[in-house]
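Peer 1: Following this line is input_4.pdb, made up of PDB, C-alpha atoms, pLDDT in the B column:
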```pdb
ATOM      1  CA  MET A 226     -28.434 -16.578  -3.738  1.00 46.00           C
ATOM      2  CA  PRO A 227     -31.212 -16.264  -1.084  1.00 49.00           C
ATOM      3  CA  GLY A 228     -30.274 -14.401   2.067  1.00 57.00           C
ATOM      4  CA  ILE A 229     -27.577 -12.260   0.451  1.00 67.00           C
ATOM      5  CA  ASP A 230     -28.003  -8.521   0.061  1.00 72.00           C
ATOM      6  CA  TRP A 231     -25.857  -8.022  -3.024  1.00 75.00           C
ATOM      7  CA  ASN A 232     -25.707  -4.251  -2.602  1.00 77.00           C
ATOM      8  CA  ALA A 233     -24.360  -4.730   0.910  1.00 80.00           C
ATOM      9  CA  PHE A 234     -21.947  -7.383  -0.364  1.00 88.00           C
ATOM     10  CA  LEU A 235     -20.534  -5.419  -3.286  1.00 90.00           C
ATOM     11  CA  SER A 236     -20.031  -2.086  -1.521  1.00 91.00           C
ATOM     12  CA  PRO A 237     -17.055  -3.172   0.671  1.00 93.00           C
ATOM     13  CA  VAL A 238     -15.560  -5.213  -2.181  1.00 93.00           C
ATOM     14  CA  LEU A 239     -15.591  -2.281  -4.597  1.00 94.00           C
ATOM     15  CA  LEU A 240     -14.261   0.085  -1.926  1.00 95.00           C
ATOM     16  CA  SER A 241     -11.459  -2.337  -1.041  1.00 94.00           C
ATOM     17  CA  VAL A 242     -10.423  -2.574  -4.701  1.00 94.00           C
ATOM     18  CA  LYS A 243     -10.598   1.226  -4.999  1.00 95.00           C
ATOM     19  CA  VAL A 244      -8.457   1.726  -1.888  1.00 96.00           C
ATOM     20  CA  SER A 245      -5.987  -0.954  -2.971  1.00 95.00           C
ATOM     21  CA  LEU A 246      -5.577   0.520  -6.450  1.00 95.00           C
ATOM     22  CA  ALA A 247      -4.917   4.003  -5.067  1.00 96.00           C
ATOM     23  CA  ALA A 248      -2.622   2.743  -2.300  1.00 96.00           C
ATOM     24  CA  SER A 249      -0.625   0.411  -4.563  1.00 95.00           C
ATOM     25  CA  ALA A 250      -0.074   3.229  -7.078  1.00 96.00           C
ATOM     26  CA  LEU A 251       1.142   5.615  -4.367  1.00 96.00           C
ATOM     27  CA  VAL A 252       3.347   3.073  -2.619  1.00 96.00           C
ATOM     28  CA  PHE A 253       4.763   1.988  -5.979  1.00 96.00           C
ATOM     29  CA  VAL A 254       6.039   5.512  -6.678  1.00 95.00           C
ATOM     30  CA  LEU A 255       7.280   5.987  -3.105  1.00 95.00           C
ATOM     31  CA  GLY A 256       8.940   2.576  -3.176  1.00 94.00           C
ATOM     32  CA  ILE A 257      10.830   3.341  -6.384  1.00 94.00           C
ATOM     33  CA  ALA A 258      12.064   6.667  -5.020  1.00 92.00           C
ATOM     34  CA  ALA A 259      13.194   5.178  -1.705  1.00 93.00           C
ATOM     35  CA  ALA A 260      14.622   1.890  -3.003  1.00 91.00           C
ATOM     36  CA  TRP A 261      16.516   3.445  -5.899  1.00 89.00           C
ATOM     37  CA  GLY A 262      17.827   6.336  -3.848  1.00 86.00           C
ATOM     38  CA  LEU A 263      18.986   4.251  -0.908  1.00 88.00           C
ATOM     39  CA  SER A 264      20.387   1.393  -2.996  1.00 82.00           C
ATOM     40  CA  ARG A 265      22.648   3.811  -4.856  1.00 79.00           C
ATOM     41  CA  ARG A 266      23.880   5.919  -1.939  1.00 80.00           C
ATOM     42  CA  THR A 267      25.854   5.476   1.248  1.00 81.00           C
ATOM     43  CA  PHE A 268      25.646   8.057   4.024  1.00 83.00           C
ATOM     44  CA  PRO A 269      25.771   8.257   7.819  1.00 88.00           C
ATOM     45  CA  GLY A 270      22.519   7.088   9.346  1.00 87.00           C
ATOM     46  CA  LYS A 271      21.454   5.030   6.336  1.00 87.00           C
ATOM     47  CA  THR A 272      20.956   1.911   8.447  1.00 90.00           C
ATOM     48  CA  LEU A 273      18.771   3.816  10.902  1.00 93.00           C
ATOM     49  CA  LEU A 274      16.686   5.249   8.067  1.00 92.00           C
ATOM     50  CA  GLU A 275      16.189   1.849   6.441  1.00 92.00           C
ATOM     51  CA  THR A 276      15.258   0.363   9.809  1.00 92.00           C
ATOM     52  CA  ALA A 277      12.645   3.085  10.283  1.00 92.00           C
ATOM     53  CA  LEU A 278      11.229   2.433   6.803  1.00 92.00           C
ATOM     54  CA  MET A 279      10.887  -1.283   7.582  1.00 93.00           C
ATOM     55  CA  LEU A 280       9.375  -0.727  11.032  1.00 93.00           C
ATOM     56  CA  PRO A 281       5.695  -0.952   9.925  1.00 93.00           C
ATOM     57  CA  LEU A 282       6.409  -4.546   8.903  1.00 90.00           C
ATOM     58  CA  VAL A 283       6.774  -5.622  12.537  1.00 91.00           C
ATOM     59  CA  LEU A 284       4.647  -3.080  14.402  1.00 92.00           C
ATOM     60  CA  PRO A 285       1.093  -4.103  15.362  1.00 92.00           C
ATOM     61  CA  PRO A 286      -1.422  -2.501  12.961  1.00 90.00           C
ATOM     62  CA  THR A 287      -3.195  -0.858  15.896  1.00 90.00           C
ATOM     63  CA  VAL A 288       0.039   0.907  16.847  1.00 94.00           C
ATOM     64  CA  ILE A 289       0.410   2.184  13.287  1.00 94.00           C
ATOM     65  CA  GLY A 290      -3.220   3.240  13.320  1.00 93.00           C
ATOM     66  CA  PHE A 291      -2.806   5.089  16.608  1.00 94.00           C
ATOM     67  CA  ILE A 292       0.274   6.973  15.356  1.00 93.00           C
ATOM     68  CA  LEU A 293      -1.550   7.926  12.145  1.00 94.00           C
ATOM     69  CA  LEU A 294      -4.598   8.981  14.136  1.00 92.00           C
ATOM     70  CA  VAL A 295      -2.501  11.315  16.285  1.00 91.00           C
ATOM     71  CA  PHE A 296      -0.567  12.661  13.296  1.00 91.00           C
ATOM     72  CA  LEU A 297      -3.579  13.161  11.012  1.00 89.00           C
ATOM     73  CA  GLY A 298      -6.196  14.064  13.630  1.00 85.00           C
ATOM     74  CA  LYS A 299      -7.701  17.471  14.221  1.00 82.00           C
ATOM     75  CA  LYS A 300      -5.396  18.176  17.158  1.00 83.00           C
ATOM     76  CA  SER A 301      -2.231  17.916  15.051  1.00 86.00           C
ATOM     77  CA  TRP A 302      -0.948  20.779  12.931  1.00 87.00           C
ATOM     78  CA  PHE A 303      -0.940  18.552   9.862  1.00 85.00           C
ATOM     79  CA  GLY A 304      -4.499  17.438  10.469  1.00 83.00           C
ATOM     80  CA  ARG A 305      -5.636  21.048  10.869  1.00 86.00           C
ATOM     81  CA  TRP A 306      -3.778  22.028   7.698  1.00 88.00           C
ATOM     82  CA  ILE A 307      -5.448  19.238   5.729  1.00 85.00           C
ATOM     83  CA  GLU A 308      -8.866  20.240   7.022  1.00 83.00           C
ATOM     84  CA  ALA A 309      -8.257  23.899   6.192  1.00 83.00           C
ATOM     85  CA  TRP A 310      -6.927  23.098   2.710  1.00 86.00           C
ATOM     86  CA  PHE A 311      -9.629  20.626   1.691  1.00 80.00           C
ATOM     87  CA  ALA A 312     -12.440  22.027   3.888  1.00 79.00           C
ATOM     88  CA  ALA A 313     -12.883  18.570   5.413  1.00 82.00           C
ATOM     89  CA  PRO A 314     -10.969  16.326   7.821  1.00 85.00           C
ATOM     90  CA  LEU A 315      -8.946  13.420   6.456  1.00 87.00           C
ATOM     91  CA  ILE A 316      -9.820  11.045   9.284  1.00 90.00           C
ATOM     92  CA  PHE A 317     -12.766   8.699   8.645  1.00 91.00           C
ATOM     93  CA  THR A 318     -12.638   9.043   4.872  1.00 92.00           C
ATOM     94  CA  TRP A 319     -11.629   6.479   2.263  1.00 93.00           C
ATOM     95  CA  TRP A 320      -8.415   8.439   1.750  1.00 93.00           C
ATOM     96  CA  ALA A 321      -7.538   7.667   5.357  1.00 93.00           C
ATOM     97  CA  ALA A 322      -7.862   3.990   4.454  1.00 94.00           C
ATOM     98  CA  VAL A 323      -5.520   4.606   1.512  1.00 95.00           C
ATOM     99  CA  ILE A 324      -2.901   6.186   3.789  1.00 95.00           C
ATOM    100  CA  ALA A 325      -3.125   3.289   6.244  1.00 95.00           C
ATOM    101  CA  ALA A 326      -2.689   0.811   3.393  1.00 95.00           C
ATOM    102  CA  VAL A 327       0.295   2.740   2.002  1.00 96.00           C
ATOM    103  CA  VAL A 328       2.080   2.704   5.359  1.00 96.00           C
ATOM    104  CA  VAL A 329       1.614  -1.016   6.029  1.00 95.00           C
ATOM    105  CA  ALA A 330       2.400  -2.037   2.426  1.00 95.00           C
ATOM    106  CA  PHE A 331       5.474   0.153   2.038  1.00 96.00           C
ATOM    107  CA  PRO A 332       8.078  -2.133   3.728  1.00 95.00           C
ATOM    108  CA  LEU A 333       7.098  -5.092   1.550  1.00 94.00           C
ATOM    109  CA  VAL A 334       7.199  -3.021  -1.629  1.00 95.00           C
ATOM    110  CA  TYR A 335      10.430  -1.277  -0.661  1.00 95.00           C
ATOM    111  CA  GLN A 336      12.287  -4.487   0.159  1.00 94.00           C
ATOM    112  CA  THR A 337      11.179  -6.183  -3.060  1.00 93.00           C
ATOM    113  CA  MET A 338      12.237  -3.205  -5.163  1.00 94.00           C
ATOM    114  CA  LYS A 339      15.525  -2.888  -3.313  1.00 92.00           C
ATOM    115  CA  VAL A 340      16.404  -6.470  -4.240  1.00 90.00           C
ATOM    116  CA  GLY A 341      15.459  -5.752  -7.844  1.00 90.00           C
ATOM    117  CA  PHE A 342      17.609  -2.640  -8.066  1.00 91.00           C
ATOM    118  CA  ALA A 343      20.514  -4.459  -6.424  1.00 88.00           C
ATOM    119  CA  SER A 344      20.389  -7.073  -9.196  1.00 87.00           C
ATOM    120  CA  VAL A 345      21.026  -4.454 -11.901  1.00 86.00           C
ATOM    121  CA  GLU A 346      24.661  -4.343 -12.981  1.00 87.00           C
ATOM    122  CA  ARG A 347      26.214  -1.055 -11.875  1.00 84.00           C
ATOM    123  CA  SER A 348      28.544  -1.186 -14.883  1.00 87.00           C
ATOM    124  CA  LEU A 349      25.576  -0.720 -17.213  1.00 87.00           C
ATOM    125  CA  GLU A 350      24.442   2.360 -15.318  1.00 85.00           C
ATOM    126  CA  ASP A 351      27.990   3.727 -15.242  1.00 85.00           C
ATOM    127  CA  ALA A 352      28.316   3.169 -18.987  1.00 90.00           C
ATOM    128  CA  ALA A 353      25.152   5.177 -19.585  1.00 87.00           C
ATOM    129  CA  ARG A 354      26.440   7.988 -17.365  1.00 86.00           C
ATOM    130  CA  SER A 355      29.760   8.026 -19.194  1.00 88.00           C
ATOM    131  CA  ALA A 356      27.823   8.410 -22.448  1.00 85.00           C
ATOM    132  CA  GLY A 357      26.245  11.586 -21.065  1.00 85.00           C
ATOM    133  CA  ALA A 358      22.997  10.266 -19.590  1.00 84.00           C
ATOM    134  CA  GLY A 359      21.617  12.026 -16.538  1.00 84.00           C
ATOM    135  CA  GLU A 360      20.361  10.209 -13.432  1.00 84.00           C
ATOM    136  CA  TRP A 361      16.739  10.358 -14.582  1.00 86.00           C
ATOM    137  CA  GLN A 362      17.697   8.903 -17.966  1.00 88.00           C
ATOM    138  CA  VAL A 363      19.713   6.149 -16.305  1.00 87.00           C
ATOM    139  CA  LEU A 364      16.752   5.274 -14.111  1.00 87.00           C
ATOM    140  CA  ARG A 365      14.232   5.398 -16.939  1.00 87.00           C
ATOM    141  CA  TYR A 366      16.131   3.642 -19.691  1.00 88.00           C
ATOM    142  CA  ILE A 367      18.497   1.312 -17.808  1.00 89.00           C
ATOM    143  CA  THR A 368      17.501   0.564 -14.218  1.00 89.00           C
ATOM    144  CA  LEU A 369      13.712   0.333 -14.464  1.00 90.00           C
ATOM    145  CA  PRO A 370      13.623  -1.880 -17.588  1.00 90.00           C
ATOM    146  CA  LEU A 371      16.197  -4.280 -16.122  1.00 90.00           C
ATOM    147  CA  ALA A 372      14.398  -4.457 -12.759  1.00 90.00           C
ATOM    148  CA  TRP A 373      10.871  -4.644 -14.162  1.00 90.00           C
ATOM    149  CA  ARG A 374      10.137  -8.146 -12.852  1.00 89.00           C
ATOM    150  CA  SER A 375      10.880  -7.097  -9.275  1.00 90.00           C
ATOM    151  CA  LEU A 376       8.913  -3.882  -9.749  1.00 92.00           C
ATOM    152  CA  ALA A 377       5.885  -5.778 -11.058  1.00 91.00           C
ATOM    153  CA  THR A 378       6.117  -8.209  -8.159  1.00 90.00           C
ATOM    154  CA  ALA A 379       6.384  -5.315  -5.712  1.00 93.00           C
ATOM    155  CA  TYR A 380       3.269  -3.680  -7.134  1.00 93.00           C
ATOM    156  CA  ILE A 381       1.230  -6.887  -6.897  1.00 92.00           C
ATOM    157  CA  LEU A 382       2.399  -7.573  -3.339  1.00 91.00           C
ATOM    158  CA  GLY A 383       1.582  -3.974  -2.400  1.00 93.00           C
ATOM    159  CA  PHE A 384      -1.915  -4.327  -3.851  1.00 94.00           C
ATOM    160  CA  ALA A 385      -2.502  -7.600  -2.010  1.00 91.00           C
ATOM    161  CA  ARG A 386      -1.208  -6.189   1.282  1.00 92.00           C
ATOM    162  CA  ALA A 387      -3.393  -3.088   0.923  1.00 94.00           C
ATOM    163  CA  LEU A 388      -6.394  -5.285   0.178  1.00 93.00           C
ATOM    164  CA  GLY A 389      -6.004  -7.160   3.448  1.00 90.00           C
ATOM    165  CA  GLU A 390      -5.275  -4.197   5.718  1.00 92.00           C
ATOM    166  CA  PHE A 391      -7.520  -4.127   8.797  1.00 92.00           C
ATOM    167  CA  GLY A 392      -6.151  -2.757  12.071  1.00 90.00           C
ATOM    168  CA  ALA A 393      -4.734   0.601  10.995  1.00 93.00           C
ATOM    169  CA  THR A 394      -7.673   1.162   8.639  1.00 93.00           C
ATOM    170  CA  LEU A 395     -10.176   0.608  11.425  1.00 92.00           C
ATOM    171  CA  MET A 396      -8.315   3.090  13.630  1.00 91.00           C
ATOM    172  CA  ILE A 397      -8.192   6.042  11.214  1.00 93.00           C
ATOM    173  CA  ALA A 398     -10.924   5.329   8.654  1.00 92.00           C
ATOM    174  CA  GLY A 399     -13.472   3.607  10.838  1.00 90.00           C
ATOM    175  CA  ASN A 400     -16.120   1.196   9.569  1.00 90.00           C
ATOM    176  CA  ILE A 401     -18.734   3.380   7.915  1.00 90.00           C
ATOM    177  CA  PRO A 402     -20.876   1.311   5.483  1.00 88.00           C
ATOM    178  CA  GLY A 403     -20.698   2.672   1.968  1.00 87.00           C
ATOM    179  CA  LYS A 404     -17.967   5.144   2.891  1.00 91.00           C
ATOM    180  CA  THR A 405     -14.994   3.543   4.650  1.00 92.00           C
ATOM    181  CA  GLN A 406     -16.058  -0.072   5.186  1.00 93.00           C
ATOM    182  CA  THR A 407     -13.580  -2.360   3.440  1.00 94.00           C
ATOM    183  CA  VAL A 408     -13.850  -6.137   3.156  1.00 94.00           C
ATOM    184  CA  PRO A 409     -11.695  -6.932   6.244  1.00 94.00           C
ATOM    185  CA  THR A 410     -13.682  -4.555   8.474  1.00 93.00           C
ATOM    186  CA  ALA A 411     -16.946  -5.783   6.943  1.00 93.00           C
ATOM    187  CA  ILE A 412     -16.021  -9.394   7.770  1.00 94.00           C
ATOM    188  CA  TYR A 413     -15.275  -8.415  11.362  1.00 92.00           C
ATOM    189  CA  MET A 414     -18.620  -6.658  11.779  1.00 91.00           C
ATOM    190  CA  ALA A 415     -20.508  -9.479  10.038  1.00 90.00           C
ATOM    191  CA  VAL A 416     -19.059 -12.046  12.441  1.00 92.00           C
ATOM    192  CA  GLU A 417     -19.815  -9.782  15.408  1.00 90.00           C
ATOM    193  CA  SER A 418     -23.454  -9.500  14.327  1.00 88.00           C
ATOM    194  CA  GLY A 419     -23.841 -13.184  13.448  1.00 87.00           C
ATOM    195  CA  ARG A 420     -24.170 -12.716   9.667  1.00 87.00           C
ATOM    196  CA  MET A 421     -21.972 -15.700   8.910  1.00 89.00           C
ATOM    197  CA  THR A 422     -23.173 -16.291   5.343  1.00 88.00           C
ATOM    198  CA  LEU A 423     -22.244 -12.750   4.329  1.00 89.00           C
ATOM    199  CA  ALA A 424     -18.936 -13.067   6.189  1.00 90.00           C
ATOM    200  CA  TRP A 425     -18.131 -16.215   4.203  1.00 92.00           C
ATOM    201  CA  TRP A 426     -18.907 -14.521   0.904  1.00 92.00           C
ATOM    202  CA  TRP A 427     -16.633 -11.598   1.764  1.00 93.00           C
ATOM    203  CA  THR A 428     -13.948 -14.011   2.923  1.00 94.00           C
ATOM    204  CA  GLY A 429     -14.236 -15.932  -0.319  1.00 93.00           C
ATOM    205  CA  SER A 430     -13.972 -12.767  -2.398  1.00 92.00           C
ATOM    206  CA  ILE A 431     -10.775 -11.594  -0.729  1.00 92.00           C
ATOM    207  CA  ILE A 432      -9.260 -15.100  -0.891  1.00 92.00           C
ATOM    208  CA  VAL A 433      -9.951 -15.290  -4.634  1.00 92.00           C
ATOM    209  CA  ILE A 434      -8.480 -11.841  -5.341  1.00 90.00           C
ATOM    210  CA  SER A 435      -5.426 -12.493  -3.149  1.00 87.00           C
ATOM    211  CA  PHE A 436      -4.920 -15.938  -4.699  1.00 90.00           C
ATOM    212  CA  MET A 437      -4.933 -14.441  -8.196  1.00 88.00           C
ATOM    213  CA  MET A 438      -2.406 -11.805  -7.142  1.00 84.00           C
ATOM    214  CA  MET A 439      -0.058 -14.371  -5.616  1.00 83.00           C
ATOM    215  CA  LEU A 440      -0.475 -16.664  -8.630  1.00 86.00           C
ATOM    216  CA  ILE A 441       0.715 -13.855 -10.884  1.00 81.00           C
ATOM    217  CA  VAL A 442       3.710 -13.248  -8.580  1.00 77.00           C
ATOM    218  CA  ASN A 443       4.688 -16.931  -8.626  1.00 78.00           C
ATOM    219  CA  LYS A 444       4.375 -17.103 -12.401  1.00 73.00           C
ATOM    220  CA  ARG A 445       6.681 -14.092 -12.750  1.00 62.00           C
ATOM    221  CA  LYS A 446       9.267 -15.827 -10.577  1.00 58.00           C
TER     222      LYS A 446
END
```
Kindly present the structure from the file in structure tokens form.
Peer 2:
Amino acid sequence: MPGIDWNAFLSPVLLSVKVSLAASALVFVLGIAAAWGLSRRTFPGKTLLETALMLPLVLPPTVIGFILLVFLGKKSWFGRWIEAWFAAPLIFTWWAAVIAAVVVAFPLVYQTMKVGFASVERSLEDAARSAGAGEWQVLRYITLPLAWRSLATAYILGFARALGEFGATLMIAGNIPGKTQTVPTAIYMAVESGRMTLAWWWTGSIIVISFMMMLIVNKRK
């Protein structure tokens, strides 16, 4: 279509998909560990811990981005350790966008998985344990297969949430074309510079991808 630089259009789309795939995989593993562990245990401070895990759901993305920037920046011990280990800073890389997406997507994934694990009959898990199965075997052969619909839904929701992340990503990954510019940040910059046609194409692409993700979720329900 005339007036569209397809290289400029595709770069943020491909990067957004790349970031979302990496973030959804990471948050999927973290979500399973947290949801399964906390749904099967009771201990002092559990409510406080679960509240902390859900906090990114209600915090403004810029607040999350600021906290991540302080924690991962060069002035923090963790940021210096990362830079020394990998010979490069983490801030303003596509991996920083992945971390931002993981943090904002985690509460949604965790809550969905928690509901799925809660629906699994404890008696089935106890029967497996009484037959000599260890906790890992119970999780692998009993809990995960029975909760697979919730787990699949959690993964798709995590991917969709990572795809739409803007505020925290802008804070710690920036908006570097071809390097850290995702579709949401690209739309913002396109509108700021008056490139409305390109902004509409990016908007359409993210609507289509998100619609397909949500359609899959609704079909699974």
Peer 1: Looking at all atoms listed in the file, which of A:Ala411, A:Gly290, A:Val340, A:Val416 is the one that sits closest to Phe317 in chain A?
Peer 2: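 Under the stated criterion, the closest residue is A:Gly290.
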Peer 1: Would you kindly return, as a ChimeraX atom specification, each protein, DNA or RNA residue with an atom no farther than 12 Å from any atom of range 418-420 of chain A, considering only C-alpha atoms and excluding same-chain residues fewer than 4 positions away?
Peer 2: /A:228-230,233-234,411-414,424-427
Peer 1: Output C-alpha atoms for every residue in the selection just made, as a PDB file, in the frame of the given file.
Peer 2:
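Below is the file out-v5.pdb, written as the result:
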```
ATOM      1  CA  GLY A 228     -30.274 -14.401   2.067  1.00 57.00           C
ATOM      2  CA  ILE A 229     -27.577 -12.260   0.451  1.00 67.00           C
ATOM      3  CA  ASP A 230     -28.003  -8.521   0.061  1.00 72.00           C
ATOM      4  CA  ALA A 233     -24.360  -4.730   0.910  1.00 80.00           C
ATOM      5  CA  PHE A 234     -21.947  -7.383  -0.364  1.00 88.00           C
ATOM      6  CA  ALA A 411     -16.946  -5.783   6.943  1.00 93.00           C
ATOM      7  CA  ILE A 412     -16.021  -9.394   7.770  1.00 94.00           C
ATOM      8  CA  TYR A 413     -15.275  -8.415  11.362  1.00 92.00           C
ATOM      9  CA  MET A 414     -18.620  -6.658  11.779  1.00 91.00           C
ATOM     10  CA  ALA A 424     -18.936 -13.067   6.189  1.00 90.00           C
ATOM     11  CA  TRP A 425     -18.131 -16.215   4.203  1.00 92.00           C
ATOM     12  CA  TRP A 426     -18.907 -14.521   0.904  1.00 92.00           C
ATOM     13  CA  TRP A 427     -16.633 -11.598   1.764  1.00 93.00           C
TER      14      TRP A 427
END
```
Peer 1: Check the smallest atom-to-atom distance from each of A:Pro286, A:Pro409, A:Gly392, A:Gly270 to Ile432 in chain A using only C-alpha atoms, then report the winner.
Peer 2: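 Answer, going by the shortest atom-to-atom distance: A:Pro409.
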Peer 1: Please list, as an MDAnalysis selection string, the residues that have an atom at most 10 Å away from (0.9, 2.7, -5.7) in the coordinates of this file, counting all atoms listed in the file.
Peer 2: chainID A and resid 245:257 323 326:327 330:331 334 379:381 383:384 387
Peer 1: Which residues match the PyMOL selection byres ((chain A and resi 431) around 9) in the file above, as an MDAnalysis selection string?
Peer 2: chainID A and resid 238 388:389 408:409 426:430 432:436
Peer 1: With all atoms listed in the file as the basis for distance, which of A:Leu333, A:Leu297, A:Leu284, A:Ala312 is at the shortest distance from Thr378 in chain A?
Peer 2: A:Leu333
